[in-house]
file entry35.txt (compact mmCIF, C-alpha atoms and all ligand atoms)
# COMPACT_ATOMS: atom_id res chain seq x y z
CA MET M 1 218.14 178.15 18.04
CA LYS M 2 216.40 181.18 19.49
CA VAL M 3 216.85 183.24 16.36
CA LEU M 4 214.68 180.87 14.31
CA GLU M 5 211.93 181.08 16.91
CA LYS M 6 212.18 184.84 17.09
CA TYR M 7 211.74 185.34 13.36
CA PHE M 8 209.84 182.32 12.07
CA LEU M 9 207.71 180.97 14.89
CA PRO M 10 204.13 182.30 14.67
CA SER M 11 202.37 183.50 17.83
CA ASP M 12 199.64 180.97 17.12
CA TYR M 13 198.30 178.75 14.35
CA PHE M 14 194.98 177.58 12.94
CA ARG M 15 194.04 175.18 10.18
CA GLU M 16 191.80 177.78 8.47
CA PHE M 17 191.46 181.55 8.60
CA HIS M 18 187.74 181.38 9.35
CA SER M 19 188.41 179.58 12.63
CA ILE M 20 189.87 182.88 13.85
CA THR M 21 186.91 184.59 15.54
CA PRO M 22 186.34 188.14 16.81
CA GLN M 23 186.21 186.68 20.33
CA TYR M 24 189.60 185.02 19.91
CA LEU M 25 191.05 188.36 18.80
CA LYS M 26 189.34 190.40 21.51
CA ASP M 27 190.60 188.01 24.19
CA ARG M 28 194.11 188.87 23.02
CA GLY M 29 193.57 192.63 22.79
CA ILE M 30 193.58 192.60 18.97
CA LYS M 31 191.66 195.34 17.16
CA ALA M 32 193.01 195.00 13.64
CA VAL M 33 193.98 192.23 11.24
CA ILE M 34 196.38 192.16 8.34
CA THR M 35 195.80 189.11 6.20
CA ASP M 36 197.56 187.52 3.29
CA LEU M 37 195.44 186.65 0.25
CA ASP M 38 196.87 183.78 -1.83
CA ASN M 39 196.43 180.39 -0.20
CA THR M 40 195.34 182.06 3.05
CA LEU M 41 191.83 183.25 2.10
CA VAL M 42 191.45 181.41 -1.23
CA GLY M 43 193.69 179.33 -3.49
CA TYR M 44 196.30 181.37 -5.35
CA ASP M 45 194.53 180.61 -8.64
CA GLU M 46 191.04 181.58 -7.43
CA PRO M 47 190.25 185.15 -8.58
CA ASP M 48 187.19 185.90 -6.46
CA ALA M 49 186.16 186.04 -2.82
CA ASN M 50 183.82 183.21 -1.86
CA GLU M 51 181.03 183.03 0.68
CA SER M 52 183.30 181.91 3.49
CA VAL M 53 185.60 184.90 2.94
CA LEU M 54 182.74 187.40 2.74
CA LYS M 55 181.05 185.98 5.82
CA TRP M 56 184.29 186.28 7.78
CA PHE M 57 184.92 189.88 6.69
CA LYS M 58 181.34 190.78 7.60
CA MET M 59 181.69 189.15 11.02
CA MET M 60 184.93 191.07 11.69
CA ASN M 61 183.33 194.30 10.52
CA GLU M 62 180.28 193.82 12.75
CA ASN M 63 182.60 193.31 15.70
CA GLY M 64 184.61 196.45 15.03
CA ILE M 65 187.73 194.63 13.90
CA LYS M 66 189.45 196.23 10.93
CA VAL M 67 190.94 194.01 8.22
CA THR M 68 193.42 194.89 5.48
CA ILE M 69 194.74 192.46 2.89
CA VAL M 70 198.49 192.76 2.41
CA SER M 71 199.60 190.72 -0.59
CA ASN M 72 202.70 190.37 -2.70
CA GLY M 73 200.34 189.91 -5.65
CA SER M 74 199.81 192.37 -8.50
CA ARG M 75 197.38 195.28 -8.56
CA ASN M 76 195.08 193.27 -10.83
CA ARG M 77 195.08 190.14 -8.72
CA VAL M 78 194.50 191.91 -5.41
CA GLY M 79 192.28 194.71 -6.73
CA ASN M 80 189.97 192.33 -8.60
CA PHE M 81 189.52 190.34 -5.42
CA CYS M 82 189.01 193.29 -3.05
CA ASP M 83 187.37 196.14 -5.01
CA PRO M 84 183.93 194.53 -5.54
CA HIS M 85 183.59 194.12 -1.76
CA ASP M 86 185.24 197.34 -0.54
CA ILE M 87 188.01 195.42 1.16
CA GLU M 88 191.09 197.51 2.00
CA TYR M 89 194.37 196.26 0.54
CA ILE M 90 198.00 196.79 -0.27
CA PHE M 91 199.32 195.01 -3.38
CA ARG M 92 202.95 194.22 -4.29
CA ALA M 93 203.71 194.41 -0.59
CA ARG M 94 207.18 192.86 -0.84
CA LYS M 95 206.73 190.78 2.28
CA PRO M 96 208.79 189.97 4.33
CA LEU M 97 209.97 193.59 4.13
CA GLY M 98 208.30 195.63 6.85
CA SER M 99 207.04 198.74 5.07
CA ALA M 100 203.67 197.36 3.89
CA TYR M 101 202.87 196.02 7.35
CA LYS M 102 203.60 199.43 8.86
CA LYS M 103 201.54 201.14 6.17
CA ALA M 104 198.58 198.80 6.81
CA VAL M 105 198.71 199.45 10.56
CA ALA M 106 198.71 203.20 9.85
CA MET M 107 195.85 202.88 7.32
CA MET M 108 193.75 201.18 10.01
CA ASP M 109 194.77 203.82 12.54
CA GLU M 110 195.84 201.19 15.04
CA ASN M 111 199.12 200.36 16.69
CA LYS M 112 201.15 197.26 16.04
CA ASP M 113 200.63 195.76 19.51
CA GLU M 114 196.93 195.48 18.68
CA THR M 115 197.34 194.10 15.17
CA VAL M 116 197.78 190.52 14.04
CA MET M 117 199.05 189.14 10.72
CA ILE M 118 197.36 186.04 9.30
CA GLY M 119 199.13 184.10 6.57
CA ASP M 120 200.10 180.71 5.18
CA GLN M 121 203.83 181.25 4.80
CA LEU M 122 206.57 181.35 7.41
CA MET M 123 209.07 182.90 4.99
CA THR M 124 206.97 185.92 4.06
CA ASP M 125 203.89 186.45 6.26
CA VAL M 126 205.22 185.33 9.63
CA PHE M 127 208.82 186.44 9.12
CA GLY M 128 207.70 189.94 8.12
CA ALA M 129 205.25 190.24 11.01
CA ASN M 130 207.77 189.07 13.57
CA ARG M 131 210.38 191.49 12.26
CA VAL M 132 207.98 194.43 12.56
CA GLY M 133 206.72 193.29 15.97
CA LEU M 134 203.20 192.22 15.05
CA LYS M 135 201.56 189.09 16.39
CA SER M 136 201.35 186.41 13.72
CA VAL M 137 198.95 183.56 13.07
CA LEU M 138 199.92 180.81 10.65
CA VAL M 139 197.21 178.96 8.72
CA LEU M 140 197.51 175.90 6.50
CA PRO M 141 197.57 176.75 2.77
CA VAL M 142 194.10 176.53 1.17
CA LYS M 143 195.56 174.44 -1.66
CA SER M 144 198.75 172.47 -1.91
CA LYS M 145 199.35 174.18 -5.26
CA ASP M 146 201.57 177.30 -5.18
CA GLY M 147 203.01 179.88 -7.54
CA TRP M 148 206.65 179.36 -8.57
CA ALA M 149 208.19 181.81 -6.09
CA THR M 150 206.43 180.07 -3.25
CA ILE M 151 207.66 176.61 -4.17
CA VAL M 152 211.21 177.60 -3.20
CA ASN M 153 210.06 179.13 0.09
CA ARG M 154 208.11 175.99 0.90
CA LYS M 155 211.26 173.89 0.86
CA ILE M 156 212.88 176.09 3.49
CA GLU M 157 209.60 176.23 5.35
CA ARG M 158 209.45 172.46 5.62
CA ILE M 159 212.83 172.46 7.35
CA LEU M 160 211.64 175.14 9.80
CA MET M 161 208.35 173.33 10.45
CA ASN M 162 210.16 170.06 11.15
CA TYR M 163 212.39 171.90 13.59
CA PHE M 164 209.44 173.54 15.41
CA ASP M 165 207.61 170.22 15.40
CA ARG M 166 210.57 168.40 16.98
CA LYS M 167 210.70 171.05 19.69
CA GLY M 168 206.95 170.72 20.25
CA LEU M 169 206.38 174.37 19.30
CA ILE M 170 203.87 173.68 16.51
CA GLN M 171 201.60 170.65 16.46
CA TRP M 172 198.86 170.50 13.85
CA GLY M 173 197.34 167.38 15.34
CA ASP M 174 196.79 164.83 12.60
MG MG B 1 200.04 183.14 0.82
call {"tool": "encode", "arguments": {"input": "entry35.txt", "output": "structure tokens", "more": "lines below"}}
Ligand SMILES: [Mg+2]
result
Amino acid sequence: MKVLEKYFLPSDYFREFHSITPQYLKDRGIKAVITDLDNTLVGYDEPDANESVLKWFKMMNENGIKVTIVSNGSRNRVGNFCDPHDIEYIFRARKPLGSAYKKAVAMMDENKDETVMIGDQLMTDVFGANRVGLKSVLVLPVKSKDGWATIVNRKIERILMNYFDRKGLIQWGD
């Protein structure tokens, strides 16, 4: 079913966001990153950025790669995480709708061919990116625990992942 692949198959996938290096991005002509927050960078119930997150943002910054967090979370949730570290963000993004992705690309003054979306959910992060025409990288959720809205999406996601797995399109290894 080509339509499932078109909308829900990520361009690539990693176990953890911090495995995505500036070199990996440069090799693919990527200059800007949009990333999800909850369960992509930290667990959805962790309020603050940790050392691994800050190290990764610093590394991207030093390599001239712009990063914007695009989250469906509230102003408080996303602002409290980003503001202390001067991280750019869009809150209540309403992913998978495309407007926040387009806004983030414009904020970074890049074009969508050179921007990648990183996220832990096929139904929001990847679906939205694929619709807008951004590359997408799926990561495994930081924690198995999710907010209530996500629990429903995860059920559909499992069906999609099984389908991609059967077709050999996504293989996590073990
Ligand atoms: Mg998420």
call {"tool": "closest_residue", "arguments": {"input": "entry35.txt", "among": "M:Glu5, M:Asp109, M:Asp27, M:Glu16", "to": "Lys66 of chain M", "atoms": "only C-alpha atoms"}}
result
M:Asp109
call {"tool": "residues_around", "arguments": {"input": "entry35.txt", "residues": "Phe57 of chain M", "least_positions_apart": "5", "cutoff": "12 Å", "atoms": "all atoms listed in the file", "output": "list in words"}}
result
Phe17, His18, Ile20, Thr21, Pro22, Ala32, Val33, Ile34, Thr35, Leu41, Ala49, Asn50, Glu51, Ser52, Glu62, Asn63, Gly64, Ile65, Lys66, Val67, Thr68, Ile69, Cys82, His85, Asp86, Ile87 and Glu88 of chain M
call {"tool": "closest_atom_pairs", "arguments": {"input": "entry35.txt", "of": "chain M", "to": "ligand MG 1 (chain B)", "cutoff": "7 Å", "atoms": "only C-alpha atoms and all ligand atoms", "output": "JSON lines"}}
result
{"residue": "M:Asp36", "atom": "CA", "partner": "B:MG1", "partner_atom": "MG", "distance": 5.6}
{"residue": "M:Leu37", "atom": "CA", "partner": "B:MG1", "partner_atom": "MG", "distance": 5.8}
{"residue": "M:Asp38", "atom": "CA", "partner": "B:MG1", "partner_atom": "MG", "distance": 4.2}
{"residue": "M:Asn39", "atom": "CA", "partner": "B:MG1", "partner_atom": "MG", "distance": 4.7}
{"residue": "M:Thr40", "atom": "CA", "partner": "B:MG1", "partner_atom": "MG", "distance": 5.3}
{"residue": "M:Gly119", "atom": "CA", "partner": "B:MG1", "partner_atom": "MG", "distance": 5.9}
{"residue": "M:Asp120", "atom": "CA", "partner": "B:MG1", "partner_atom": "MG", "distance": 5.0}
{"residue": "M:Gln121", "atom": "CA", "partner": "B:MG1", "partner_atom": "MG", "distance": 5.8}
call {"tool": "atom_distance", "arguments": {"input": "entry35.txt", "atom1": "atom CA of Lys145 of chain M", "atom2": "atom CA of Thr115 of chain M"}}
result
28.6 Å
call {"tool": "atom_distance", "arguments": {"input": "entry35.txt", "atom1": "atom CA of Lys102 of chain M", "atom2": "atom CA of Ile30 of chain M"}}
result
15.8 Å
call {"tool": "closest_residue", "arguments": {"input": "entry35.txt", "among": "M:Leu134, M:Ala93, M:Met123, M:Ala104", "to": "Leu160 of chain M", "atoms": "all atoms listed in the file"}}
result
M:Met123
call {"tool": "residues_around", "arguments": {"input": "entry35.txt", "residues": "Leu122 of chain M", "least_positions_apart": "3", "cutoff": "9 Å", "atoms": "only C-alpha atoms", "output": "PyMOL selection string"}}
result
chain M and resi 7-10+119+125-128+138+153-154+157+160-161
call {"tool": "write_last_selection", "arguments": {"input": "entry35.txt", "atoms": "C-alpha atoms", "output": "short mmCIF file (atom, residue, chain, number, x, y, z; two decimals), keeping the file's coordinate frame"}}
result
data_model
loop_
_atom_site.label_atom_id
_atom_site.label_comp_id
_atom_site.auth_asym_id
_atom_site.auth_seq_id
_atom_site.Cartn_x
_atom_site.Cartn_y
_atom_site.Cartn_z
CA TYR M 7 211.74 185.34 13.36
CA PHE M 8 209.84 182.32 12.07
CA LEU M 9 207.71 180.97 14.89
CA PRO M 10 204.13 182.30 14.67
CA GLY M 119 199.13 184.10 6.57
CA ASP M 125 203.89 186.45 6.26
CA VAL M 126 205.22 185.33 9.63
CA PHE M 127 208.82 186.44 9.12
CA GLY M 128 207.70 189.94 8.12
CA LEU M 138 199.92 180.81 10.65
CA ASN M 153 210.06 179.13 0.09
CA ARG M 154 208.11 175.99 0.90
CA GLU M 157 209.60 176.23 5.35
CA LEU M 160 211.64 175.14 9.80
CA MET M 161 208.35 173.33 10.45
#
call {"tool": "closest_residue", "arguments": {"input": "entry35.txt", "among": "M:Val3, M:Asp48, M:Asn72, M:Ser11", "to": "Leu169 of chain M", "atoms": "all atoms listed in the file"}}
result
M:Ser11
call {"tool": "atom_distance", "arguments": {"input": "entry35.txt", "atom1": "atom CA of Gln23 of chain M", "atom2": "atom CA of Tyr89 of chain M"}}
result
23.5 Å
call {"tool": "closest_residue", "arguments": {"input": "entry35.txt", "among": "M:Asp45, M:Leu25, M:Asn76, M:Leu4", "to": "Asp146 of chain M", "atoms": "all atoms listed in the file"}}
result
M:Asp45
call {"tool": "closest_residue", "arguments": {"input": "entry35.txt", "among": "M:Ser99, M:Gly29, M:Ser19, M:Arg77", "to": "Lys55 of chain M", "atoms": "all atoms listed in the file"}}
result
M:Ser19
call {"tool": "closest_residue", "arguments": {"input": "entry35.txt", "among": "M:Val105, M:Met60, M:Val53, M:Val42", "to": "Gly133 of chain M", "atoms": "all atoms listed in the file"}}
result
M:Val105
call {"tool": "build_atoms", "arguments": {"input": "entry35.txt", "residues": "segment 154-165 of chain M", "atoms": "all heavy atoms", "output": "short mmCIF file (atom, residue, chain, number, x, y, z; two decimals), keeping the file's coordinate frame"}}
result
data_model
loop_
_atom_site.label_atom_id
_atom_site.label_comp_id
_atom_site.auth_asym_id
_atom_site.auth_seq_id
_atom_site.Cartn_x
_atom_site.Cartn_y
_atom_site.Cartn_z
N ARG M 154 208.70 177.15 0.23
CA ARG M 154 208.11 175.99 0.90
C ARG M 154 209.16 174.96 1.32
O ARG M 154 209.01 174.29 2.31
CB ARG M 154 207.10 175.29 0.00
CG ARG M 154 205.85 176.08 -0.27
CD ARG M 154 204.92 176.12 0.92
NE ARG M 154 203.69 176.81 0.58
CZ ARG M 154 202.96 177.50 1.45
NH1 ARG M 154 203.33 177.60 2.72
NH2 ARG M 154 201.87 178.10 1.07
N LYS M 155 210.22 174.85 0.53
CA LYS M 155 211.26 173.89 0.86
C LYS M 155 211.96 174.30 2.17
O LYS M 155 212.21 173.47 3.04
CB LYS M 155 212.29 173.79 -0.28
CG LYS M 155 211.75 173.09 -1.51
CD LYS M 155 212.89 172.66 -2.42
CE LYS M 155 212.44 172.35 -3.83
NZ LYS M 155 211.40 171.36 -3.98
N ILE M 156 212.26 175.58 2.27
CA ILE M 156 212.88 176.09 3.49
C ILE M 156 211.90 175.98 4.65
O ILE M 156 212.26 175.61 5.77
CB ILE M 156 213.32 177.56 3.30
CG1 ILE M 156 214.24 177.68 2.07
CG2 ILE M 156 214.02 178.08 4.55
CD1 ILE M 156 214.44 179.10 1.58
N GLU M 157 210.65 176.28 4.34
CA GLU M 157 209.60 176.23 5.35
C GLU M 157 209.47 174.84 5.97
O GLU M 157 209.27 174.69 7.17
CB GLU M 157 208.28 176.63 4.69
CG GLU M 157 207.15 176.83 5.64
CD GLU M 157 205.97 177.44 4.91
OE1 GLU M 157 205.92 178.67 4.78
OE2 GLU M 157 205.12 176.67 4.42
N ARG M 158 209.58 173.83 5.12
CA ARG M 158 209.45 172.46 5.62
C ARG M 158 210.53 172.15 6.66
O ARG M 158 210.28 171.50 7.66
CB ARG M 158 209.52 171.47 4.45
CG ARG M 158 208.76 170.17 4.74
CD ARG M 158 208.35 169.46 3.47
NE ARG M 158 207.54 170.29 2.60
CZ ARG M 158 207.70 170.39 1.28
NH1 ARG M 158 208.66 169.74 0.66
NH2 ARG M 158 206.91 171.16 0.57
N ILE M 159 211.73 172.66 6.41
CA ILE M 159 212.83 172.46 7.35
C ILE M 159 212.52 173.15 8.68
O ILE M 159 212.68 172.58 9.76
CB ILE M 159 214.16 172.99 6.76
CG1 ILE M 159 214.53 172.16 5.52
CG2 ILE M 159 215.28 172.96 7.79
CD1 ILE M 159 215.60 172.80 4.64
N LEU M 160 212.01 174.39 8.59
CA LEU M 160 211.64 175.14 9.80
C LEU M 160 210.51 174.44 10.55
O LEU M 160 210.55 174.32 11.79
CB LEU M 160 211.21 176.56 9.44
CG LEU M 160 212.31 177.51 8.99
CD1 LEU M 160 211.71 178.75 8.34
CD2 LEU M 160 213.17 177.93 10.19
N MET M 161 209.50 173.98 9.81
CA MET M 161 208.35 173.33 10.45
C MET M 161 208.78 172.05 11.15
O MET M 161 208.32 171.76 12.25
CB MET M 161 207.26 173.03 9.42
CG MET M 161 206.55 174.27 8.91
SD MET M 161 205.64 175.16 10.18
CE MET M 161 204.09 174.32 10.07
N ASN M 162 209.66 171.29 10.51
CA ASN M 162 210.16 170.06 11.15
C ASN M 162 210.89 170.39 12.44
O ASN M 162 210.76 169.68 13.44
CB ASN M 162 211.09 169.29 10.20
CG ASN M 162 210.31 168.62 9.09
OD1 ASN M 162 209.10 168.39 9.22
ND2 ASN M 162 210.97 168.31 7.99
N TYR M 163 211.65 171.47 12.40
CA TYR M 163 212.39 171.90 13.59
C TYR M 163 211.43 172.29 14.72
O TYR M 163 211.57 171.86 15.86
CB TYR M 163 213.32 173.06 13.21
CG TYR M 163 214.00 173.73 14.39
CD1 TYR M 163 215.10 173.13 15.00
CD2 TYR M 163 213.53 174.93 14.88
CE1 TYR M 163 215.71 173.73 16.09
CE2 TYR M 163 214.13 175.55 15.97
CZ TYR M 163 215.23 174.94 16.56
OH TYR M 163 215.82 175.55 17.64
N PHE M 164 210.42 173.12 14.40
CA PHE M 164 209.44 173.54 15.41
C PHE M 164 208.64 172.34 15.93
O PHE M 164 208.30 172.26 17.10
CB PHE M 164 208.49 174.60 14.85
CG PHE M 164 209.15 175.91 14.56
CD1 PHE M 164 208.74 176.69 13.48
CD2 PHE M 164 210.17 176.39 15.38
CE1 PHE M 164 209.34 177.91 13.22
CE2 PHE M 164 210.78 177.62 15.12
CZ PHE M 164 210.36 178.38 14.03
N ASP M 165 208.36 171.42 15.04
CA ASP M 165 207.61 170.22 15.40
C ASP M 165 208.43 169.37 16.40
O ASP M 165 207.91 168.93 17.42
CB ASP M 165 207.29 169.42 14.13
CG ASP M 165 206.42 168.21 14.43
OD1 ASP M 165 205.46 168.37 15.22
OD2 ASP M 165 206.68 167.13 13.88
#
